[in-house]
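Have a look at entry.tsv below; it lists TSV, N, CA and C atoms.
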chain	number	residue	atom	x	y	z
A	1	MET	N	-119.61	-25.18	-45.94
A	1	MET	CA	-120.71	-26.03	-46.34
A	1	MET	C	-121.46	-25.33	-47.47
A	2	GLU	N	-121.76	-26.07	-48.51
A	2	GLU	CA	-122.48	-25.52	-49.66
A	2	GLU	C	-123.90	-25.11	-49.26
A	3	GLU	N	-124.46	-24.14	-49.99
A	3	GLU	CA	-125.80	-23.64	-49.70
A	3	GLU	C	-126.87	-24.74	-49.83
A	4	SER	N	-126.73	-25.59	-50.84
A	4	SER	CA	-127.71	-26.68	-51.02
A	4	SER	C	-127.62	-27.69	-49.87
A	5	GLU	N	-126.42	-27.90	-49.38
A	5	GLU	CA	-126.20	-28.80	-48.24
A	5	GLU	C	-126.84	-28.21	-46.98
A	6	MET	N	-126.64	-26.91	-46.79
A	6	MET	CA	-127.23	-26.23	-45.63
A	6	MET	C	-128.75	-26.36	-45.66
A	7	ALA	N	-129.35	-26.19	-46.83
A	7	ALA	CA	-130.80	-26.29	-46.96
A	7	ALA	C	-131.28	-27.70	-46.62
A	8	ARG	N	-130.53	-28.72	-47.04
A	8	ARG	CA	-130.92	-30.11	-46.75
A	8	ARG	C	-130.79	-30.41	-45.26
A	9	VAL	N	-129.72	-29.92	-44.63
A	9	VAL	CA	-129.54	-30.12	-43.19
A	9	VAL	C	-130.65	-29.39	-42.42
A	10	GLN	N	-130.97	-28.17	-42.84
A	10	GLN	CA	-132.04	-27.40	-42.20
A	10	GLN	C	-133.37	-28.15	-42.29
A	11	ARG	N	-133.71	-28.64	-43.47
A	11	ARG	CA	-134.98	-29.36	-43.67
A	11	ARG	C	-135.00	-30.62	-42.80
A	12	TYR	N	-133.86	-31.32	-42.71
A	12	TYR	CA	-133.78	-32.51	-41.88
A	12	TYR	C	-134.09	-32.17	-40.42
A	13	LEU	N	-133.47	-31.11	-39.90
A	13	LEU	CA	-133.71	-30.72	-38.51
A	13	LEU	C	-135.16	-30.30	-38.29
A	14	GLN	N	-135.70	-29.52	-39.24
A	14	GLN	CA	-137.09	-29.09	-39.12
A	14	GLN	C	-138.03	-30.29	-39.09
A	15	ASP	N	-137.80	-31.26	-39.95
A	15	ASP	CA	-138.63	-32.46	-40.00
A	15	ASP	C	-138.45	-33.32	-38.75
A	16	LYS	N	-137.20	-33.52	-38.34
A	16	LYS	CA	-136.89	-34.37	-37.19
A	16	LYS	C	-137.51	-33.84	-35.90
A	17	PHE	N	-137.45	-32.52	-35.70
A	17	PHE	CA	-137.95	-31.91	-34.48
A	17	PHE	C	-139.34	-31.30	-34.64
A	18	GLY	N	-139.93	-31.42	-35.83
A	18	GLY	CA	-141.27	-30.90	-36.05
A	18	GLY	C	-141.39	-29.42	-35.80
A	19	ASN	N	-140.37	-28.66	-36.25
A	19	ASN	CA	-140.35	-27.23	-35.97
A	19	ASN	C	-139.74	-26.48	-37.16
A	20	ASP	N	-140.57	-25.74	-37.89
A	20	ASP	CA	-140.09	-24.97	-39.04
A	20	ASP	C	-139.35	-23.70	-38.65
A	21	SER	N	-139.24	-23.42	-37.33
A	21	SER	CA	-138.52	-22.24	-36.86
A	21	SER	C	-137.02	-22.49	-36.75
A	22	ILE	N	-136.58	-23.71	-37.05
A	22	ILE	CA	-135.14	-24.02	-37.02
A	22	ILE	C	-134.52	-23.52	-38.31
A	23	ASN	N	-133.45	-22.73	-38.17
A	23	ASN	CA	-132.74	-22.16	-39.31
A	23	ASN	C	-131.26	-22.46	-39.21
A	24	VAL	N	-130.64	-22.72	-40.35
A	24	VAL	CA	-129.20	-22.96	-40.43
A	24	VAL	C	-128.59	-21.78	-41.17
A	25	LYS	N	-127.54	-21.18	-40.58
A	25	LYS	CA	-126.91	-20.00	-41.17
A	25	LYS	C	-125.40	-20.18	-41.23
A	26	GLU	N	-124.80	-19.54	-42.23
A	26	GLU	CA	-123.34	-19.55	-42.34
A	26	GLU	C	-122.72	-18.90	-41.11
A	27	ARG	N	-121.53	-19.38	-40.76
A	27	ARG	CA	-120.76	-18.75	-39.69
A	27	ARG	C	-119.80	-17.75	-40.31
A	28	PRO	N	-119.59	-16.61	-39.65
A	28	PRO	CA	-118.66	-15.60	-40.19
A	28	PRO	C	-117.25	-16.17	-40.43
A	29	GLN	N	-116.74	-16.92	-39.50
A	29	GLN	CA	-115.41	-17.53	-39.62
A	29	GLN	C	-115.58	-19.01	-39.93
A	30	SER	N	-116.26	-19.30	-41.02
A	30	SER	CA	-116.64	-20.66	-41.38
A	30	SER	C	-115.45	-21.60	-41.56
A	31	ASP	N	-115.57	-22.76	-40.97
A	31	ASP	CA	-114.57	-23.82	-41.09
A	31	ASP	C	-115.27	-25.12	-41.46
A	32	GLY	N	-116.29	-24.99	-42.33
A	32	GLY	CA	-117.08	-26.16	-42.68
A	32	GLY	C	-118.22	-26.37	-41.70
A	33	SER	N	-118.46	-25.38	-40.85
A	33	SER	CA	-119.54	-25.49	-39.86
A	33	SER	C	-120.57	-24.40	-40.10
A	34	VAL	N	-121.77	-24.61	-39.54
A	34	VAL	CA	-122.86	-23.63	-39.64
A	34	VAL	C	-123.50	-23.45	-38.27
A	35	GLU	N	-124.17	-22.33	-38.09
A	35	GLU	CA	-124.88	-22.05	-36.85
A	35	GLU	C	-126.33	-22.50	-36.99
A	36	VAL	N	-126.90	-22.95	-35.87
A	36	VAL	CA	-128.30	-23.38	-35.84
A	36	VAL	C	-129.07	-22.45	-34.91
A	37	TYR	N	-130.21	-21.97	-35.39
A	37	TYR	CA	-131.06	-21.07	-34.62
A	37	TYR	C	-132.46	-21.66	-34.49
A	38	LEU	N	-133.08	-21.37	-33.36
A	38	LEU	CA	-134.50	-21.65	-33.15
A	38	LEU	C	-135.16	-20.29	-33.07
A	39	GLY	N	-135.78	-19.89	-34.17
A	39	GLY	CA	-136.25	-18.51	-34.28
A	39	GLY	C	-135.03	-17.61	-34.33
A	40	GLU	N	-134.93	-16.67	-33.39
A	40	GLU	CA	-133.79	-15.76	-33.33
A	40	GLU	C	-132.74	-16.22	-32.32
A	41	GLU	N	-133.00	-17.31	-31.60
A	41	GLU	CA	-132.09	-17.78	-30.56
A	41	GLU	C	-131.06	-18.77	-31.11
A	42	PHE	N	-129.79	-18.47	-30.92
A	42	PHE	CA	-128.72	-19.38	-31.30
A	42	PHE	C	-128.77	-20.59	-30.38
A	43	ILE	N	-128.78	-21.80	-30.98
A	43	ILE	CA	-128.86	-23.01	-30.15
A	43	ILE	C	-127.70	-23.98	-30.35
A	44	GLY	N	-126.89	-23.79	-31.39
A	44	GLY	CA	-125.78	-24.72	-31.56
A	44	GLY	C	-125.06	-24.56	-32.88
A	45	ILE	N	-124.12	-25.48	-33.08
A	45	ILE	CA	-123.28	-25.50	-34.28
A	45	ILE	C	-123.29	-26.90	-34.88
A	46	ILE	N	-123.31	-26.95	-36.20
A	46	ILE	CA	-123.18	-28.23	-36.90
A	46	ILE	C	-121.84	-28.22	-37.63
A	47	TYR	N	-121.06	-29.27	-37.37
A	47	TYR	CA	-119.77	-29.46	-38.02
A	47	TYR	C	-119.91	-30.55	-39.08
A	48	LYS	N	-119.35	-30.29	-40.24
A	48	LYS	CA	-119.36	-31.29	-41.31
A	48	LYS	C	-118.08	-32.12	-41.22
A	49	ASP	N	-118.23	-33.44	-41.31
A	49	ASP	CA	-117.09	-34.35	-41.30
A	49	ASP	C	-117.16	-35.18	-42.58
A	50	ASP	N	-116.20	-34.98	-43.46
A	50	ASP	CA	-116.20	-35.74	-44.72
A	50	ASP	C	-114.92	-36.57	-44.86
A	51	GLU	N	-114.47	-37.08	-43.75
A	51	GLU	CA	-113.27	-37.91	-43.73
A	51	GLU	C	-113.52	-39.26	-44.41
A	52	ASP	N	-112.58	-39.70	-45.20
A	52	ASP	CA	-112.62	-41.00	-45.88
A	52	ASP	C	-113.83	-41.16	-46.79
A	53	GLY	N	-114.40	-40.07	-47.29
A	53	GLY	CA	-115.52	-40.17	-48.22
A	53	GLY	C	-116.88	-40.37	-47.57
A	54	ASP	N	-116.91	-40.63	-46.27
A	54	ASP	CA	-118.17	-40.75	-45.54
A	54	ASP	C	-118.52	-39.40	-44.95
A	55	VAL	N	-119.62	-38.81	-45.40
A	55	VAL	CA	-120.02	-37.48	-44.91
A	55	VAL	C	-121.01	-37.65	-43.76
A	56	SER	N	-120.73	-36.92	-42.67
A	56	SER	CA	-121.66	-36.89	-41.54
A	56	SER	C	-121.66	-35.47	-40.98
A	57	TYR	N	-122.65	-35.19	-40.14
A	57	TYR	CA	-122.82	-33.86	-39.56
A	57	TYR	C	-122.99	-34.02	-38.06
A	58	ASP	N	-122.18	-33.29	-37.30
A	58	ASP	CA	-122.20	-33.36	-35.84
A	58	ASP	C	-122.85	-32.11	-35.29
A	59	PHE	N	-124.00	-32.27	-34.61
A	59	PHE	CA	-124.72	-31.14	-34.03
A	59	PHE	C	-124.28	-30.99	-32.58
A	60	ASN	N	-123.70	-29.84	-32.25
A	60	ASN	CA	-123.21	-29.56	-30.91
A	60	ASN	C	-124.06	-28.47	-30.29
A	61	MET	N	-124.73	-28.81	-29.18
A	61	MET	CA	-125.59	-27.85	-28.49
A	61	MET	C	-125.16	-27.78	-27.03
A	62	SER	N	-124.69	-26.63	-26.60
A	62	SER	CA	-124.32	-26.43	-25.21
A	62	SER	C	-125.52	-25.91	-24.44
A	63	ILE	N	-125.73	-26.47	-23.25
A	63	ILE	CA	-126.84	-26.05	-22.40
A	63	ILE	C	-126.24	-25.56	-21.08
A	64	LEU	N	-126.47	-24.31	-20.76
A	64	LEU	CA	-125.95	-23.75	-19.51
A	64	LEU	C	-126.83	-24.15	-18.35
A	65	ALA	N	-126.23	-24.47	-17.22
A	65	ALA	CA	-126.96	-24.95	-16.05
A	65	ALA	C	-128.04	-23.96	-15.60
A	66	PHE	N	-127.74	-22.67	-15.67
A	66	PHE	CA	-128.74	-21.69	-15.19
A	66	PHE	C	-129.93	-21.57	-16.13
A	67	ASP	N	-129.85	-22.13	-17.33
A	67	ASP	CA	-130.98	-22.13	-18.26
A	67	ASP	C	-131.95	-23.28	-18.01
A	68	LEU	N	-131.52	-24.27	-17.22
A	68	LEU	CA	-132.38	-25.44	-16.98
A	68	LEU	C	-133.54	-25.09	-16.06
A	69	PRO	N	-134.73	-25.61	-16.38
A	69	PRO	CA	-135.90	-25.33	-15.54
A	69	PRO	C	-135.87	-26.17	-14.26
A	70	THR	N	-136.60	-25.74	-13.28
A	70	THR	CA	-136.79	-26.52	-12.08
A	70	THR	C	-137.85	-27.57	-12.36
A	71	VAL	N	-137.61	-28.79	-11.90
A	71	VAL	CA	-138.56	-29.89	-12.11
A	71	VAL	C	-139.02	-30.38	-10.75
A	72	ALA	N	-140.33	-30.42	-10.55
A	72	ALA	CA	-140.89	-30.84	-9.27
A	72	ALA	C	-140.42	-32.24	-8.91
A	73	GLY	N	-139.95	-32.42	-7.68
A	73	GLY	CA	-139.53	-33.72	-7.18
A	73	GLY	C	-138.11	-34.11	-7.57
A	74	VAL	N	-137.40	-33.23	-8.26
A	74	VAL	CA	-136.03	-33.50	-8.67
A	74	VAL	C	-135.11	-32.47	-8.04
A	75	THR	N	-134.07	-32.95	-7.37
A	75	THR	CA	-133.11	-32.01	-6.75
A	75	THR	C	-131.99	-31.73	-7.74
A	76	SER	N	-131.48	-30.51	-7.71
A	76	SER	CA	-130.37	-30.14	-8.58
A	76	SER	C	-129.06	-30.27	-7.83
A	77	ASN	N	-127.99	-30.46	-8.58
A	77	ASN	CA	-126.66	-30.59	-7.96
A	77	ASN	C	-125.97	-29.27	-7.86
Encoded form using structure tokens:
Amino acid sequence: MEESEMARVQRYLQDKFGNDSINVKERPQSDGSVEVYLGEEFIGIIYKDDEDGDVSYDFNMSILAFDLPTVAGVTSN
């Protein structure tokens, strides 16, 4: 992903989530994807899809079950 593209995706995420602590960084073994951080915490990967001339970006965020908070009145599985 080009540097200017990364900056535009980063600004979009910052604006969408109202958080300037979101940063987009190159991946060491880049395959058209970038890493997304919230401050210093890695939170996901964005993959670029430019098939058939239509460009889109897929944000993949994995959430581990043990990271989920307990919510009053809700039972966990």
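One finds CA of Lys16 in chain A at 22.1 Å from CA of Gly32 in chain A.
Going from atom C of Gln14 in chain A over to atom C of Met1 in chain A, you cover 19.2 Å.
When DSSP reads the backbone of this structure, the residues of range 2-61 of chain A it assigns to strand (DSSP E) are Ile22, Asn23, Val24, Lys25, Glu26, Ser33, Val34, Glu35, Val36, Tyr37, Leu38, Glu41, Phe42, Ile43, Gly44, Ile45, Ile46, Tyr47, Lys48, Asp49, Ser56, Tyr57, Asp58, Phe59 and Asn60 of chain A.
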* Asked: Quick one: distance from atom N of Ser4 in chain A to atom N of Glu26 in chain A in Å, one decimal?
  -> 10.7 Å
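Taking chain A and asking which residues DSSP calls alpha helix (DSSP H) on the backbone, you get Glu3, Ser4, Glu5, Met6, Ala7, Arg8, Val9, Gln10, Arg11, Tyr12, Leu13, Gln14, Asp15, Lys16 and Phe17 of chain A.
Each of A:Lys48, A:Phe17, A:Ala72, A:Asn60 was compared to Asp31 in chain A using only N, CA and C atoms, and A:Lys48 turns out to be the nearest.
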* Would you mind listing what lies within 8 Å of Ser33 in chain A as a list of chain:residue names, with all atoms listed in the file counted and same-chain residues fewer than 2 positions away left out? => A:Met1, A:Lys25, A:Glu26, A:Arg27, A:Pro28, A:Gln29, A:Ser30, A:Asp31, A:Glu35, A:Val36, A:Ile45, A:Ile46, A:Tyr47, A:Lys48
* Asked: Glu40 in chain A: which residues within 8 Å, counting all atoms listed in the file, same-chain residues fewer than 3 positions away excluded, as number ranges by chain?
  -> A: 21, 23, 36-37, 43
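Shortest separation to Tyr12 in chain A among A:Val24, A:Gly44, A:Gly39, A:Leu64 occurs at residue A:Val24, atoms counted being only C-alpha atoms.
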